[in-house]
Each structure stands twice: as structure tokens, then as C-alpha cells.
Amino acid sequence: MRFSKIKDNDIANGLGITMSFWTQGCPHHCKGCFNKETWDYNGGKEFTKDDLEYIIANINKNNIKRDLSILGGEPLCIQNVKGVIELCKEFKSYYPNKKIYLWTGYTLENFNDIQKEVLKYIDILIDGKFEEENKNLSIMLRGSSNQRVIDVKKTLREENIALHEVC
Ligand code: SF4
């Protein structure tokens with residue numbers, strides 16, 4: 001897996017403070033994408049054990065309680081999905097009570113079997129491509145109104161898509 005950047009303190013991509021992790025590489029090429037530098041699969045840098053350890057070691061740095069946000073690029077494309085699952089699995093083994101937010105351009109109903117694996121570890125899924133014609137910067141956690149904020153645990157429990165109540 002390659003990644004674009006890690007931001008220690010982010011207040012724009014979560015409900016509260018998060019450490020945010022941007023994967024590198026995206027197959028969707030949404031019109032109006034605000035993050036085109038993450039499209040190139042060869043851009044960014046390789047995610048190493050040191051990067052994983054950095055996240056684990058610094059998520060509570062300076063006594064700030066952060067959750068983890070995973071954005072892109074596309075975290076669930078074939079090039080990134082296994083690395084993202086490993087990251088989520090490892091993170092939750094240390095911090096089972098912290099939330100993981102994940103943004104994807106795929107829609108949950110169309111996840112393949114590997115992509116579904118990530119649902120075991122994440123809490124909030126924001127799904128769907130960015131649609132310029134539905135752009136809306138006043139809605140929480142999303143860039144366009146077609147995207148959904150999904151409560152993953154409730155969705156798995158009820159076997160039916162449950163939108164997050166705050167959003
Ligand atoms: S999924 Fe995200 S990063 Fe990829 S093209 Fe769409 S808006 Fe850009």
C-alpha cells in the first residue's frame with residue numbers, strides 16, 4: 001500500500017479530532033475531485049512498519065484523544081485494500097474503543113469479498129463517489145449529497161444499511 005500523507009490533528013474529517021491517513025492511488029477520477037494528487041498509484045510513498053508504529057504510538061500524543069480517519073485516493077482499491085485492512089486490524093487490537101472512519105468511492109452494496117473484510121474493523125463508512133452536480137459543502141463529512149455516512153456496526157447487526165444518526 002502507498003500513502004499520500006498522515007495528519008496528526010484533523011478537525012475536518014471526523015466528529016472530533018482525528019489522526020487522518022490518506023492512501024495513494026484512485027481509480028474513480030471523479031469530476032471536480034479536490035484531491036487529484038492522490039490519483040497516481042506510483043505517487044506518495046510506501047506504507048511501512050514504521051508508519052504503522054507511528055500511528056499506534058502517536059494517536060494519543062499530547063494527551064489528545066483522537067480517532068482514526070482513512071481517506072484517499074481510494075483506500076479500498078485493489079492496490080490498497082489489503083494494507084488498509086491490516087492497518088485497521090492492528091489499530092483496533094491496540095485501541096478497540098477508538099473509532100475508525102473510512103471514505104471510499106465504492107458503494108457498500110457493491111463491495112467485493114475482500115472489501116467487505118474492512119467492515120469488521122471500521123465504525124463509520126462514508127461511501128460513494130464525489131458528484132460535482134450534487135456538491136454540497138454544508139453537509140457533514142461529505143462533499144456531495146449522494147454520499148452516505150453509514151453506521152457500520154449497526155448495519156452489520158441489523159443486516160440493513162443504517163445511516164449514522166448524527167449525520
Ligand atoms: S474517490 Fe475521492 S480521491 Fe478519488 S477521484 Fe473521487 S473524490 Fe477524488
# chains A, B, ... in the order shown; residues from 1 in each chain; ligands from 1
$ closest_atom_pairs --of "chain A" --to "ligand 1" --cutoff "6 Å" --atoms "only C-alpha atoms and all ligand atoms" --output "CSV"
residue,atom,partner,partner_atom_place_in_ligand_line,distance
A:Cys26,CA,ligand 1,4 (Fe),4.8
A:His28,CA,ligand 1,5 (S),4.7
A:His29,CA,ligand 1,5 (S),3.7
A:Cys30,CA,ligand 1,5 (S),4.1
A:Cys33,CA,ligand 1,8 (Fe),4.1
A:Asn35,CA,ligand 1,8 (Fe),5.3
A:Lys36,CA,ligand 1,8 (Fe),5.9
A:Gly72,CA,ligand 1,3 (S),5.1
A:Gly73,CA,ligand 1,3 (S),4.0
A:Glu74,CA,ligand 1,4 (Fe),5.7
A:Gly105,CA,ligand 1,1 (S),4.3
A:Lys129,CA,ligand 1,6 (Fe),5.2
A:Phe130,CA,ligand 1,7 (S),4.8
$ write_last_selection --atoms "C-alpha atoms" --output "compact mmCIF listing (two decimals), in the first residue's frame"
# COMPACT_ATOMS: atom_id res chain seq x y z
CA CYS A 26 -7.57 6.19 -7.06
CA HIS A 28 -12.54 6.75 -9.82
CA HIS A 29 -11.35 10.07 -11.27
CA CYS A 30 -14.47 11.92 -10.12
CA CYS A 33 -12.06 15.90 -7.36
CA ASN A 35 -7.51 15.66 -4.23
CA LYS A 36 -6.12 14.79 -7.67
CA GLY A 72 -7.88 8.77 -0.29
CA GLY A 73 -7.21 8.34 -3.03
CA GLU A 74 -9.16 5.14 -2.71
CA GLY A 105 -15.75 5.96 -3.75
CA LYS A 129 -18.06 8.87 -5.48
CA PHE A 130 -17.90 12.63 -5.32
$ residues_around --residues "Met140 of chain A" --least-positions-apart "3" --cutoff "12 Å" --atoms "only C-alpha atoms" --output "number ranges by chain"
A: 11-16, 126, 136-137, 143-145, 147-149, 164-167
$ write_last_selection --atoms "N, CA, C and O atoms" --output "CSV table (one decimal), in the first residue's frame"
chain,number,residue,atom,x,y,z
A,11,ILE,N,-9.5,18.3,12.2
A,11,ILE,CA,-10.8,18.5,12.7
A,11,ILE,C,-11.9,18.5,11.6
A,11,ILE,O,-13.1,18.8,11.9
A,12,ALA,N,-11.4,18.2,10.4
A,12,ALA,CA,-12.4,18.3,9.3
A,12,ALA,C,-12.9,17.0,8.8
A,12,ALA,O,-13.8,16.9,8.0
A,13,ASN,N,-12.3,15.9,9.3
A,13,ASN,CA,-12.6,14.6,8.8
A,13,ASN,C,-13.0,13.6,9.9
A,13,ASN,O,-12.4,12.5,10.0
A,14,GLY,N,-14.0,14.0,10.7
A,14,GLY,CA,-14.4,13.1,11.8
A,14,GLY,C,-15.3,14.0,12.7
A,14,GLY,O,-15.5,15.2,12.4
A,15,LEU,N,-15.9,13.3,13.6
A,15,LEU,CA,-16.7,14.0,14.6
A,15,LEU,C,-15.8,14.2,15.8
A,15,LEU,O,-15.8,13.3,16.7
A,16,GLY,N,-15.0,15.2,15.9
A,16,GLY,CA,-14.0,15.4,16.9
A,16,GLY,C,-12.6,15.4,16.2
A,16,GLY,O,-12.5,15.5,15.0
A,126,ILE,N,-18.1,6.3,4.9
A,126,ILE,CA,-18.6,7.3,4.0
A,126,ILE,C,-18.4,6.8,2.6
A,126,ILE,O,-17.3,6.6,2.2
A,136,ASN,N,-22.1,19.6,-2.1
A,136,ASN,CA,-22.7,20.4,-1.0
A,136,ASN,C,-21.7,20.4,0.1
A,136,ASN,O,-21.5,19.4,0.8
A,137,LEU,N,-21.2,21.5,0.4
A,137,LEU,CA,-20.1,21.6,1.4
A,137,LEU,C,-20.7,21.9,2.8
A,137,LEU,O,-20.0,22.0,3.8
A,143,GLY,N,-18.7,15.5,0.6
A,143,GLY,CA,-18.6,16.5,-0.4
A,143,GLY,C,-19.8,16.7,-1.3
A,143,GLY,O,-20.0,17.7,-1.9
A,144,SER,N,-20.6,15.6,-1.4
A,144,SER,CA,-21.7,15.7,-2.3
A,144,SER,C,-22.9,14.8,-1.6
A,144,SER,O,-22.6,13.9,-0.9
A,145,SER,N,-24.1,15.2,-2.0
A,145,SER,CA,-25.2,14.7,-1.2
A,145,SER,C,-25.6,13.2,-1.5
A,145,SER,O,-26.3,12.6,-0.8
A,147,GLN,N,-23.4,10.9,-1.3
A,147,GLN,CA,-22.6,10.1,-0.4
A,147,GLN,C,-23.4,9.9,0.9
A,147,GLN,O,-24.2,10.7,1.4
A,148,ARG,N,-23.1,8.7,1.6
A,148,ARG,CA,-23.8,8.4,2.8
A,148,ARG,C,-22.8,8.2,3.9
A,148,ARG,O,-21.7,7.8,3.8
A,149,VAL,N,-23.3,8.5,5.1
A,149,VAL,CA,-22.5,8.3,6.4
A,149,VAL,C,-23.1,7.1,7.1
A,149,VAL,O,-24.2,7.2,7.6
A,164,HIS,N,-25.7,6.9,9.9
A,164,HIS,CA,-25.2,7.4,11.2
A,164,HIS,C,-26.2,8.5,11.7
A,164,HIS,O,-26.5,9.4,11.0
A,165,GLU,N,-26.6,8.4,13.0
A,165,GLU,CA,-27.6,9.3,13.5
A,165,GLU,C,-27.2,10.7,13.6
A,165,GLU,O,-28.1,11.6,13.4
A,166,VAL,N,-25.9,11.0,13.8
A,166,VAL,CA,-25.5,12.4,13.9
A,166,VAL,C,-25.5,13.1,12.5
A,166,VAL,O,-25.7,14.3,12.4
A,167,CYS,N,-25.4,12.4,11.5
A,167,CYS,CA,-25.3,13.0,10.1
A,167,CYS,C,-26.6,12.8,9.4
A,167,CYS,O,-26.7,13.0,8.2
$ residues_around --residues "Lys65 of chain A" --least-positions-apart "2" --cutoff "9 Å" --atoms "only C-alpha atoms" --output "JSON, numbers by chain"
{"A": [17, 18, 59, 60, 61, 62, 63, 67, 98]}
$ select_by_dssp --residues "segment 23-120 of chain A" --states "alpha helix (DSSP H)" --output "JSON, numbers by chain"
{"A": [49, 50, 51, 52, 53, 54, 55, 56, 57, 58, 81, 82, 83, 84, 85, 86, 87, 88, 89, 90, 91, 92, 93, 94, 113, 114, 115, 116, 117]}
$ closest_residue --among "A:Gln115, A:Ser93, A:Asn160, A:Thr107" --to "Asn146 of chain A" --atoms "only C-alpha atoms"
A:Thr107
$ atom_distance --atom1 "atom CA of Leu76 of chain A" --atom2 "atom CA of Ile150 of chain A"
15.9 Å
$ residues_around --residues "Lys5 of chain A" --least-positions-apart "5" --cutoff "10 Å" --atoms "only C-alpha atoms" --output "VMD selection string"
chain A and resid 20 to 24 38 44 to 45 47 71 to 72
$ residues_around --residues "Lys154 of chain A" --least-positions-apart "3" --cutoff "12 Å" --atoms "only C-alpha atoms" --output "list in words"
Leu119, Lys120, Ile122, Asp123, Ile124, Leu125, Ile150, Asp151, Arg157, Glu158, Glu159, Asn160, Ile161, Ala162, Leu163, His164 and Glu165 of chain A
$ atom_distance --atom1 "atom CA of Glu86 of chain A" --atom2 "atom CA of Val118 of chain A"
8.8 Å
$ atom_distance --atom1 "atom CA of Gly128 of chain A" --atom2 "atom CA of Thr104 of chain A"
6.3 Å
$ closest_residue --among "A:Phe34, A:Met19, A:Leu102, A:Met1" --to "Glu131 of chain A" --atoms "only C-alpha atoms"
A:Phe34
$ residues_around --residues "Lys92 of chain A" --least-positions-apart "4" --cutoff "7 Å" --atoms "only C-alpha atoms" --output "ChimeraX atom specification"
/A:88,96,121
$ decode --residues "segment 91-140 of chain A" --atoms "N, CA and C atoms" --output "short mmCIF file (atom, residue, chain, number, x, y, z; two decimals), in the first residue's frame"
data_model
loop_
_atom_site.label_atom_id
_atom_site.label_comp_id
_atom_site.auth_asym_id
_atom_site.auth_seq_id
_atom_site.Cartn_x
_atom_site.Cartn_y
_atom_site.Cartn_z
N PHE A 91 -4.70 -1.49 14.39
CA PHE A 91 -5.13 -0.33 15.18
C PHE A 91 -6.16 -0.76 16.22
N LYS A 92 -7.14 -1.55 15.80
CA LYS A 92 -8.20 -1.98 16.74
C LYS A 92 -7.67 -2.94 17.80
N SER A 93 -6.59 -3.66 17.50
CA SER A 93 -6.03 -4.56 18.52
C SER A 93 -5.43 -3.74 19.67
N TYR A 94 -4.97 -2.53 19.37
CA TYR A 94 -4.46 -1.64 20.41
C TYR A 94 -5.57 -0.77 21.00
N TYR A 95 -6.47 -0.33 20.15
CA TYR A 95 -7.47 0.67 20.56
C TYR A 95 -8.87 0.24 20.15
N PRO A 96 -9.40 -0.80 20.81
CA PRO A 96 -10.72 -1.29 20.40
C PRO A 96 -11.84 -0.28 20.55
N ASN A 97 -11.66 0.71 21.43
CA ASN A 97 -12.75 1.69 21.67
C ASN A 97 -12.62 2.96 20.84
N LYS A 98 -11.56 3.07 20.08
CA LYS A 98 -11.45 4.24 19.20
C LYS A 98 -12.19 3.98 17.91
N LYS A 99 -12.73 5.05 17.34
CA LYS A 99 -13.46 4.89 16.08
C LYS A 99 -12.52 4.94 14.89
N ILE A 100 -12.87 4.19 13.87
CA ILE A 100 -12.20 4.32 12.57
C ILE A 100 -13.25 4.79 11.57
N TYR A 101 -12.97 5.92 10.92
CA TYR A 101 -13.78 6.42 9.81
C TYR A 101 -13.08 6.03 8.51
N LEU A 102 -13.84 5.64 7.51
CA LEU A 102 -13.22 5.33 6.22
C LEU A 102 -14.07 5.89 5.08
N TRP A 103 -13.41 6.59 4.17
CA TRP A 103 -14.07 7.16 2.98
C TRP A 103 -13.72 6.30 1.77
N THR A 104 -14.74 5.97 0.98
CA THR A 104 -14.49 5.22 -0.25
C THR A 104 -15.40 5.73 -1.37
N GLY A 105 -14.93 5.61 -2.59
CA GLY A 105 -15.75 5.96 -3.75
C GLY A 105 -16.67 4.81 -4.16
N TYR A 106 -16.42 3.62 -3.63
CA TYR A 106 -17.32 2.48 -3.91
C TYR A 106 -18.57 2.60 -3.03
N THR A 107 -19.63 1.91 -3.43
CA THR A 107 -20.81 1.88 -2.57
C THR A 107 -20.88 0.53 -1.87
N LEU A 108 -21.35 0.56 -0.65
CA LEU A 108 -21.32 -0.63 0.20
C LEU A 108 -21.97 -1.84 -0.47
N GLU A 109 -23.06 -1.63 -1.15
CA GLU A 109 -23.77 -2.75 -1.79
C GLU A 109 -22.90 -3.45 -2.84
N ASN A 110 -21.92 -2.72 -3.36
CA ASN A 110 -21.07 -3.29 -4.43
C ASN A 110 -19.70 -3.74 -3.94
N PHE A 111 -19.49 -3.76 -2.64
CA PHE A 111 -18.19 -4.22 -2.13
C PHE A 111 -17.96 -5.68 -2.54
N ASN A 112 -16.73 -5.99 -2.92
CA ASN A 112 -16.39 -7.39 -3.15
C ASN A 112 -16.00 -8.04 -1.81
N ASP A 113 -15.70 -9.31 -1.84
CA ASP A 113 -15.46 -10.04 -0.58
C ASP A 113 -14.28 -9.48 0.19
N ILE A 114 -13.24 -9.05 -0.51
CA ILE A 114 -12.07 -8.50 0.20
C ILE A 114 -12.44 -7.17 0.84
N GLN A 115 -13.14 -6.34 0.09
CA GLN A 115 -13.54 -5.03 0.64
C GLN A 115 -14.45 -5.20 1.85
N LYS A 116 -15.28 -6.21 1.84
CA LYS A 116 -16.19 -6.44 2.99
C LYS A 116 -15.42 -6.74 4.28
N GLU A 117 -14.21 -7.28 4.14
CA GLU A 117 -13.39 -7.59 5.32
C GLU A 117 -13.16 -6.37 6.21
N VAL A 118 -13.04 -5.20 5.58
CA VAL A 118 -12.71 -4.00 6.35
C VAL A 118 -13.85 -3.62 7.30
N LEU A 119 -15.06 -4.10 6.99
CA LEU A 119 -16.24 -3.75 7.81
C LEU A 119 -16.13 -4.32 9.23
N LYS A 120 -15.30 -5.34 9.39
CA LYS A 120 -15.10 -5.92 10.73
C LYS A 120 -14.43 -4.93 11.67
N TYR A 121 -13.70 -3.98 11.10
CA TYR A 121 -12.83 -3.13 11.93
C TYR A 121 -13.23 -1.67 11.97
N ILE A 122 -13.99 -1.21 11.00
CA ILE A 122 -14.30 0.23 10.96
C ILE A 122 -15.65 0.52 11.63
N ASP A 123 -15.86 1.77 11.99
CA ASP A 123 -17.09 2.18 12.68
C ASP A 123 -18.00 3.01 11.78
N ILE A 124 -17.39 3.90 11.01
CA ILE A 124 -18.19 4.79 10.18
C ILE A 124 -17.65 4.76 8.75
N LEU A 125 -18.53 4.49 7.82
CA LEU A 125 -18.15 4.41 6.41
C LEU A 125 -18.84 5.54 5.66
N ILE A 126 -18.06 6.32 4.92
CA ILE A 126 -18.64 7.33 4.03
C ILE A 126 -18.44 6.78 2.63
N ASP A 127 -19.53 6.45 1.96
CA ASP A 127 -19.38 5.76 0.67
C ASP A 127 -19.93 6.57 -0.49
N GLY A 128 -19.49 6.19 -1.70
CA GLY A 128 -19.97 6.83 -2.93
C GLY A 128 -18.97 7.83 -3.48
N LYS A 129 -18.96 7.93 -4.81
CA LYS A 129 -18.06 8.87 -5.48
C LYS A 129 -18.50 10.30 -5.22
N PHE A 130 -17.55 11.21 -5.37
CA PHE A 130 -17.90 12.63 -5.32
C PHE A 130 -18.60 12.98 -6.63
N GLU A 131 -19.78 13.58 -6.53
CA GLU A 131 -20.53 14.00 -7.72
C GLU A 131 -20.63 15.53 -7.72
N GLU A 132 -19.96 16.10 -8.73
CA GLU A 132 -19.88 17.57 -8.76
C GLU A 132 -21.28 18.21 -8.82
N GLU A 133 -22.19 17.56 -9.55
CA GLU A 133 -23.54 18.13 -9.68
C GLU A 133 -24.32 18.07 -8.37
N ASN A 134 -23.86 17.24 -7.45
CA ASN A 134 -24.50 17.15 -6.13
C ASN A 134 -23.62 17.71 -5.02
N LYS A 135 -22.64 18.51 -5.42
CA LYS A 135 -21.72 19.08 -4.45
C LYS A 135 -22.47 19.87 -3.38
N ASN A 136 -22.11 19.63 -2.12
CA ASN A 136 -22.74 20.36 -1.02
C ASN A 136 -21.74 20.39 0.14
N LEU A 137 -21.19 21.55 0.39
CA LEU A 137 -20.15 21.64 1.41
C LEU A 137 -20.72 21.88 2.80
N SER A 138 -22.05 21.94 2.90
CA SER A 138 -22.63 22.19 4.22
C SER A 138 -23.05 20.90 4.93
N ILE A 139 -22.90 19.76 4.26
CA ILE A 139 -23.30 18.52 4.92
C ILE A 139 -22.08 17.87 5.58
N MET A 140 -22.30 17.25 6.71
CA MET A 140 -21.19 16.74 7.50
C MET A 140 -20.46 15.58 6.82
#
